[in-house]
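Heads up: the structure comes next, in structure tokens.
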Amino acid sequence: MAAESPDQLVLLRETASTLKKTAQILYDGSLDFPAVNRNAKRILAAADLIELNVEDADE
């Protein structure tokens with residue numbers, strides 16, 4: 001695996017966290033919009049996977 005710089009990992013963590021927070025806002029506000037709700041839920045799942053990937057890159 002390629003060595004990532006500490007700054008790059010920090011940026012990836014922050015970006016993944018921002019993505020998750022934004023997706024949560026979409027999810028919470030989309031109860032009346034089923035398609036948006038489903039897609040926001042998918043984004044939340046993807047954000048969880050991205051966070052795991054970043055953690056793995058840090059090892």
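Please note that chains go A, B, ... in the order of the structure tokens, that every chain numbers its residues from 1, and that ligands are numbered from 1 in the order shown.
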Within 7 Å of range 36-59 of chain A: each range 9-29 of chain A residue with its shortest pair, only C-alpha atoms, as a Markdown table:
```
| residue | atom | partner | partner_atom | distance |
| --- | --- | --- | --- | --- |
| A:Leu9 | CA | A:Val54 | CA | 6.9 |
| A:Leu12 | CA | A:Val54 | CA | 6.9 |
| A:Arg13 | CA | A:Val54 | CA | 6.7 |
| A:Ala16 | CA | A:Ala47 | CA | 6.1 |
| A:Leu19 | CA | A:Ala47 | CA | 6.6 |
| A:Lys20 | CA | A:Ala47 | CA | 5.6 |
| A:Ala23 | CA | A:Ala40 | CA | 5.4 |
| A:Gln24 | CA | A:Leu44 | CA | 6.9 |
| A:Leu26 | CA | A:Ala40 | CA | 6.1 |
| A:Tyr27 | CA | A:Ala40 | CA | 5.1 |
```
Checklist entry - Where in chain A does DSSP assign alpha helix (DSSP H), given as number ranges by chain? => result A: 6-28, 34-57
